[in-house]
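work.cif (mmCIF, C-alpha atoms) appears below.
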data_upload
loop_
_atom_site.label_atom_id
_atom_site.label_comp_id
_atom_site.auth_asym_id
_atom_site.auth_seq_id
_atom_site.Cartn_x
_atom_site.Cartn_y
_atom_site.Cartn_z
CA MET C 1 9.87 41.78 5.53
CA ALA C 2 9.27 43.45 2.20
CA SER C 3 5.87 42.99 0.63
CA ILE C 4 5.25 42.00 -2.96
CA ASN C 5 2.03 43.99 -3.22
CA PRO C 6 2.51 46.50 -6.04
CA ALA C 7 1.97 50.23 -5.80
CA GLU C 8 -0.68 51.95 -7.88
CA PRO C 9 0.49 52.00 -11.51
CA GLN C 10 1.92 55.37 -12.53
CA PRO C 11 2.21 56.82 -16.04
CA GLN C 12 4.93 55.05 -18.01
CA SER C 13 5.14 52.45 -15.22
CA HIS C 14 4.87 49.60 -17.71
CA ASN C 15 8.05 50.72 -19.41
CA ARG C 16 9.80 51.09 -16.06
CA TRP C 17 8.90 47.66 -14.72
CA HIS C 18 9.64 46.02 -18.06
CA VAL C 19 13.14 47.49 -18.00
CA GLU C 20 13.64 46.30 -14.41
CA ILE C 21 12.55 42.79 -15.36
CA LEU C 22 15.06 42.72 -18.21
CA ARG C 23 17.78 43.91 -15.87
CA ALA C 24 16.83 41.27 -13.32
CA GLU C 25 16.98 38.51 -15.92
CA ALA C 26 20.44 39.61 -17.07
CA LEU C 27 21.67 39.76 -13.49
CA ALA C 28 20.22 36.33 -12.70
CA GLN C 29 22.01 34.85 -15.70
CA GLY C 30 25.21 36.09 -14.10
CA ARG C 31 24.13 34.61 -10.76
CA LYS C 32 23.94 38.08 -9.23
CA TRP C 33 20.91 37.11 -7.19
CA SER C 34 20.85 40.03 -4.76
CA GLN C 35 20.93 42.66 -7.50
CA ALA C 36 18.29 40.74 -9.44
CA ILE C 37 16.05 40.71 -6.37
CA THR C 38 16.41 44.49 -6.02
CA CYS C 39 15.35 44.97 -9.64
CA LEU C 40 12.37 42.64 -9.26
CA LYS C 41 11.17 44.47 -6.16
CA ARG C 42 11.34 47.76 -8.06
CA ALA C 43 9.45 46.16 -10.94
CA ILE C 44 6.66 45.01 -8.62
CA ARG C 45 6.39 48.48 -7.08
CA ALA C 46 6.08 49.84 -10.62
CA GLY C 47 3.22 47.49 -11.47
CA ALA C 48 4.71 44.12 -12.49
CA ASP C 49 2.72 40.97 -11.62
CA PRO C 50 3.41 40.42 -7.89
CA TYR C 51 2.56 36.72 -8.09
CA ARG C 52 4.84 35.83 -10.96
CA TYR C 53 7.76 38.02 -9.96
CA GLY C 54 7.31 37.43 -6.27
CA LEU C 55 7.92 33.77 -7.00
CA ARG C 56 11.00 34.74 -8.99
CA ILE C 57 12.25 36.63 -5.95
CA ALA C 58 11.62 33.53 -3.84
CA GLU C 59 13.71 31.48 -6.29
CA HIS C 60 16.59 33.93 -6.05
CA TYR C 61 16.49 33.99 -2.25
CA ARG C 62 16.52 30.20 -2.38
CA ALA C 63 19.63 30.33 -4.55
CA LEU C 64 21.20 32.55 -1.89
CA GLU C 65 20.06 30.07 0.79
CA ARG C 66 18.20 32.88 2.52
CA TRP C 67 15.44 30.49 3.44
CA LYS C 68 13.34 32.80 5.60
CA GLU C 69 12.97 35.37 2.83
CA ALA C 70 12.42 32.67 0.20
CA LEU C 71 9.58 31.12 2.17
CA SER C 72 8.08 34.52 2.96
CA PHE C 73 7.83 35.55 -0.69
CA ALA C 74 6.45 32.15 -1.68
CA GLU C 75 3.84 32.43 1.07
CA GLN C 76 2.88 35.93 -0.06
CA ALA C 77 2.45 34.67 -3.61
CA ALA C 78 0.22 31.83 -2.42
CA ALA C 79 -1.93 34.34 -0.52
CA LEU C 80 -2.29 36.47 -3.66
CA ALA C 81 -3.45 33.54 -5.83
CA PRO C 82 -4.63 30.62 -3.69
CA GLN C 83 -5.97 28.74 -6.71
CA GLU C 84 -2.60 28.68 -8.47
CA MET C 85 -0.19 25.78 -7.86
CA PRO C 86 3.35 27.17 -8.46
CA ALA C 87 3.49 29.06 -5.14
CA TYR C 88 2.52 25.95 -3.19
CA GLU C 89 5.11 23.96 -5.12
CA ALA C 90 7.74 26.52 -4.15
CA ILE C 91 6.64 26.35 -0.51
CA VAL C 92 6.93 22.55 -0.54
CA ALA C 93 10.45 22.66 -1.97
CA ILE C 94 11.66 25.30 0.48
CA ALA C 95 9.96 23.67 3.46
CA LEU C 96 11.52 20.29 2.70
CA GLU C 97 14.96 21.83 2.24
CA THR C 98 14.73 23.58 5.60
CA GLY C 99 13.14 20.75 7.57
CA LYS C 100 9.78 22.48 8.00
CA PHE C 101 7.91 19.25 7.40
CA GLU C 102 4.60 20.33 8.91
CA ARG C 103 4.50 23.31 6.53
CA ALA C 104 5.40 21.04 3.64
CA ILE C 105 2.45 18.80 4.54
CA GLU C 106 0.10 21.79 4.54
CA ALA C 107 1.30 22.94 1.13
CA CYS C 108 1.12 19.40 -0.29
CA THR C 109 -2.46 19.13 0.97
CA ALA C 110 -3.32 22.41 -0.78
CA LEU C 111 -1.78 21.13 -4.02
CA ILE C 112 -3.69 17.86 -3.83
CA LYS C 113 -6.96 19.75 -3.32
CA LEU C 114 -6.24 21.69 -6.49
CA ASN C 115 -5.06 18.61 -8.39
CA PRO C 116 -5.90 15.20 -6.86
CA ARG C 117 -3.41 13.52 -9.23
CA HIS C 118 -0.44 15.75 -8.39
CA LEU C 119 2.19 13.00 -8.08
CA PRO C 120 5.07 15.22 -6.89
CA ALA C 121 2.83 16.51 -4.10
CA TYR C 122 2.09 12.96 -2.93
CA THR C 123 5.80 12.10 -3.16
CA ALA C 124 6.75 15.13 -1.07
CA LEU C 125 3.92 14.38 1.37
CA GLY C 126 5.20 10.86 1.95
CA HIS C 127 8.73 12.21 2.37
CA ALA C 128 7.55 14.69 5.02
CA TYR C 129 5.59 12.04 6.92
CA MET C 130 8.63 9.75 6.91
CA HIS C 131 10.84 12.46 8.37
CA LEU C 132 8.26 13.08 11.08
CA GLY C 133 8.10 9.36 11.81
CA VAL C 134 4.41 9.10 10.92
CA THR C 135 4.85 5.84 9.05
CA ASP C 136 1.15 4.90 8.90
CA ALA C 137 0.41 8.14 7.02
CA ALA C 138 3.47 7.58 4.82
CA MET C 139 2.12 4.13 3.95
CA ARG C 140 -1.29 5.55 3.00
CA VAL C 141 0.37 8.09 0.72
CA THR C 142 2.58 5.42 -0.86
CA ASN C 143 -0.45 3.24 -1.57
CA ILE C 144 -2.08 6.21 -3.32
CA LEU C 145 1.07 6.74 -5.40
CA ILE C 146 1.08 3.08 -6.43
CA ARG C 147 -2.58 3.29 -7.39
CA LEU C 148 -2.06 6.45 -9.46
CA ASP C 149 1.33 5.49 -10.90
CA PRO C 150 1.82 1.72 -10.60
CA ALA C 151 4.75 1.43 -13.02
CA THR C 152 7.20 3.61 -11.09
CA PRO C 153 9.71 1.42 -9.21
CA SER C 154 10.49 3.99 -6.50
CA HIS C 155 6.94 3.83 -5.15
CA HIS C 156 7.19 0.08 -4.68
CA PHE C 157 10.64 0.38 -3.11
CA LYS C 158 9.36 2.91 -0.59
CA LYS C 159 6.43 0.66 0.24
CA ALA C 160 8.80 -2.27 0.72
CA LEU C 161 10.84 -0.30 3.25
CA LEU C 162 7.67 0.75 5.09
CA CYS C 163 6.41 -2.83 5.14
CA GLN C 164 9.73 -3.99 6.51
CA HIS C 165 9.55 -1.29 9.18
CA HIS C 166 6.09 -2.52 10.17
CA GLY C 167 7.25 -6.14 10.26
CA GLU C 168 5.22 -7.13 7.17
CA VAL C 169 8.00 -9.24 5.68
CA GLY C 170 5.88 -10.96 3.04
CA LEU C 171 4.67 -7.67 1.60
CA ALA C 172 8.18 -6.25 1.78
CA VAL C 173 9.56 -9.16 -0.26
CA TYR C 174 6.73 -8.81 -2.80
CA GLU C 175 7.32 -5.07 -3.25
CA LEU C 176 11.08 -5.50 -3.55
CA LYS C 177 10.60 -8.11 -6.26
CA ARG C 178 8.12 -5.80 -7.98
CA THR C 179 10.69 -3.00 -7.87
CA ILE C 180 13.22 -5.15 -9.69
CA GLU C 181 10.69 -6.47 -12.21
CA LEU C 182 9.64 -2.96 -13.22
CA ASP C 183 13.17 -1.76 -13.99
CA PRO C 184 15.87 -4.46 -13.63
CA GLY C 185 18.67 -2.09 -14.58
CA GLY C 186 17.30 0.99 -12.85
CA PRO C 187 18.69 2.89 -9.88
CA HIS C 188 16.41 1.17 -7.37
CA ALA C 189 17.08 -2.37 -8.57
CA ASP C 190 20.44 -2.70 -6.83
CA ALA C 191 19.05 -1.32 -3.60
CA ALA C 192 16.09 -3.70 -3.83
CA GLN C 193 18.45 -6.64 -4.45
CA ASP C 194 20.50 -5.67 -1.42
CA ALA C 195 17.36 -5.37 0.70
CA LEU C 196 16.11 -8.77 -0.49
CA GLN C 197 19.46 -10.36 0.30
CA THR C 198 19.43 -8.83 3.77
CA LEU C 199 15.88 -10.03 4.43
CA ASP C 200 16.69 -13.51 3.16
CA ALA C 201 19.89 -13.76 5.20
CA PHE C 202 18.15 -12.60 8.38
CA GLN C 203 15.27 -15.03 7.92
CA LEU C 204 17.44 -17.97 6.88
CA GLU C 205 19.48 -17.60 10.01
CA GLN C 206 16.29 -17.64 12.08
CA ILE C 207 14.92 -20.62 10.15
CA VAL C 208 18.12 -22.62 10.62
CA THR C 209 18.21 -21.90 14.34
CA LEU C 210 14.55 -22.77 14.74
CA ALA C 211 14.89 -25.99 12.75
CA GLN C 212 17.82 -27.07 14.88
CA GLU C 213 15.87 -26.43 18.07
CA ASP C 214 12.40 -27.55 16.99
CA ARG C 215 12.18 -31.06 15.55
CA VAL C 216 8.49 -30.60 14.59
CA PHE C 217 9.31 -27.50 12.56
CA ARG C 218 12.27 -29.28 10.93
CA THR C 219 10.04 -32.19 9.90
CA LYS C 220 7.43 -29.85 8.45
CA LEU C 221 10.17 -27.95 6.65
CA GLU C 222 11.37 -31.14 4.97
CA ARG C 223 7.86 -32.24 3.97
CA ASP C 224 6.26 -28.92 2.95
CA PRO C 225 8.65 -25.95 3.16
CA GLU C 226 6.13 -23.38 1.91
CA ASP C 227 3.51 -24.35 4.48
CA ALA C 228 6.09 -24.55 7.27
CA LEU C 229 7.42 -21.07 6.49
CA ASN C 230 3.96 -19.52 6.16
CA GLU C 231 2.94 -21.01 9.47
CA ARG C 232 5.85 -19.27 11.21
CA GLY C 233 5.49 -15.99 9.31
CA PHE C 234 8.59 -16.28 7.11
CA ALA C 235 8.63 -14.99 3.54
CA LEU C 236 11.68 -15.70 1.41
CA SER C 237 12.47 -14.56 -2.10
CA ASP C 238 12.67 -17.20 -4.84
CA TYR C 239 16.42 -17.41 -4.41
CA GLY C 240 16.11 -17.57 -0.64
CA THR C 241 13.71 -20.45 -1.05
CA GLN C 242 16.22 -22.20 -3.31
CA VAL C 243 18.98 -21.78 -0.73
CA LEU C 244 16.71 -23.16 1.96
CA SER C 245 15.82 -26.16 -0.19
CA GLU C 246 19.52 -26.93 -0.61
CA TRP C 247 20.05 -26.65 3.14
CA VAL C 248 17.13 -28.99 3.85
CA SER C 249 18.56 -31.49 1.36
CA HIS C 250 22.13 -31.10 2.63
CA PRO C 251 22.22 -30.47 6.37
CA PHE C 252 25.97 -29.77 6.31
CA LEU C 253 25.09 -26.39 4.75
CA ALA C 254 23.24 -25.39 7.91
CA ALA C 255 26.15 -23.43 9.28
CA GLN C 256 26.00 -20.91 6.42
CA PRO C 257 22.73 -21.18 4.48
CA HIS C 258 23.25 -17.78 2.88
CA GLY C 259 26.96 -17.96 2.36
CA ARG C 260 27.05 -17.30 -1.39
CA PRO C 261 26.10 -14.10 -3.19
CA MET C 262 22.43 -13.76 -4.08
CA GLN C 263 21.22 -12.36 -7.38
CA TYR C 264 17.57 -11.43 -7.97
CA ASN C 265 17.29 -11.03 -11.72
#
Serialized structure, structure tokens:
Amino acid sequence: MASINPAEPQPQSHNRWHVEILRAEALAQGRKWSQAITCLKRAIRAGADPYRYGLRIAEHYRALERWKEALSFAEQAAALAPQEMPAYEAIVAIALETGKFERAIEACTALIKLNPRHLPAYTALGHAYMHLGVTDAAMRVTNILIRLDPATPSHHFKKALLCQHHGEVGLAVYELKRTIELDPGGPHADAAQDALQTLDAFQLEQIVTLAQEDRVFRTKLERDPEDALNERGFALSDYGTQVLSEWVSHPFLAAQPHGRPMQYN
């Protein structure tokens, strides 16, 4: 694997590497990535900044989907300047694209050490943990994201999915509603509405079955629905609660308590 360490500068080397950089930029504009890489390597050997242009080489290899070379040059850049963030950011992007989630976690951790409020690093970290199935760690990262950036709907949506995975239905419903409240017309609102409808439908079916089989539960449901549901661990949305109230009032609806479309506006 080629190194990005430069050779000792020679007389007139600045002019030579500057010309190579200009050539590389022109070639890159024409999407001639391989030729641009060749020019950048010559520029580095002539004395150009190996960190900056090594990262440019990594970008071009990434465009060519030559992932091994892309990651290698990004890693070399990180080794040259361990206190600089762009190389770690490049490593994270390449590692996620190639499924190297453990390496992505390492690079995210390095970024967070350099900048404890690096939101993209936390987002990528949670993504990597999810792909590895480490949902407890993903939940911790999501909670940090919500604390640092509470107004972003996607953080709440991710937490809702994690809560649902862990069986924390009440928290899942809360976070889904929060997702919709933050951006009712946003890209996550429809998905949150669908998830709420699914949770409601699943729970309503269980509630109906239980009420038909358990007279004590049915009586409690008629007298104090909220207490009856909490006691059994159910957590409906506002609309789900409305549907349940109609079912309790009109038992003939029991066969299909969630039969009409639900809207969570």
For Leu27 of chain C, please output as a list in words all residues within 10 Å (counting only C-alpha atoms; exclusion window: fewer than 6 positions along the same chain).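 Neighbouring residues, sequence-local ones excluded: Ile21, Trp33, Ser34, Gln35, Ala36, Ile37 and Cys39 of chain C.
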Please write the residues from the selection above to a file, keeping C-alpha atoms, as a compact mmCIF listing (two decimals), in the coordinates of the input.
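again_34.txt was written with the following content:
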# COMPACT_ATOMS: atom_id res chain seq x y z
CA ILE C 21 12.55 42.79 -15.36
CA TRP C 33 20.91 37.11 -7.19
CA SER C 34 20.85 40.03 -4.76
CA GLN C 35 20.93 42.66 -7.50
CA ALA C 36 18.29 40.74 -9.44
CA ILE C 37 16.05 40.71 -6.37
CA CYS C 39 15.35 44.97 -9.64
If the PyMOL selection byres ((chain C and resi 157) around 8) were run on this exact file, what residues would it hold? Put them as a list in words.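 With the shown file as input, the PyMOL selection byres ((chain C and resi 157) around 8) matches Pro153, Ser154, His155, His156, Lys158, Lys159, Ala160, Leu161, Glu175, Leu176, Thr179, His188 and Ala192 of chain C.
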Specify the axis-aligned box that encloses all atoms of segment 104-112 of chain C listed in the file after padding of 5 Å on each side, stating its centre and edge lengths in Å to one decimal as AutoDock Vina command-line options.
--center_x 0.9 --center_y 20.4 --center_z 0.3 --size_x 19.1 --size_y 15.1 --size_z 18.6
Got a sec to resolve the PyMOL selection byres ((chain C and resi 118) around 12) on this structure and send the residues as a list of chain:residue names?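 On this input, the PyMOL selection byres ((chain C and resi 118) around 12) captures C:Met85, C:Tyr88, C:Glu89, C:Cys108, C:Thr109, C:Ala110, C:Leu111, C:Ile112, C:Lys113, C:Leu114, C:Asn115, C:Pro116, C:Arg117, C:Leu119, C:Pro120, C:Ala121, C:Tyr122, C:Thr123, C:Ala124, C:Leu125, C:Val141, C:Ile144, C:Leu145, C:Leu148, C:Asp149.
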Grab the atom CA of Pro225 of chain C to atom CA of Ser237 of chain C distance for me, in Å with one decimal place.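 The value is 13.1 Å.
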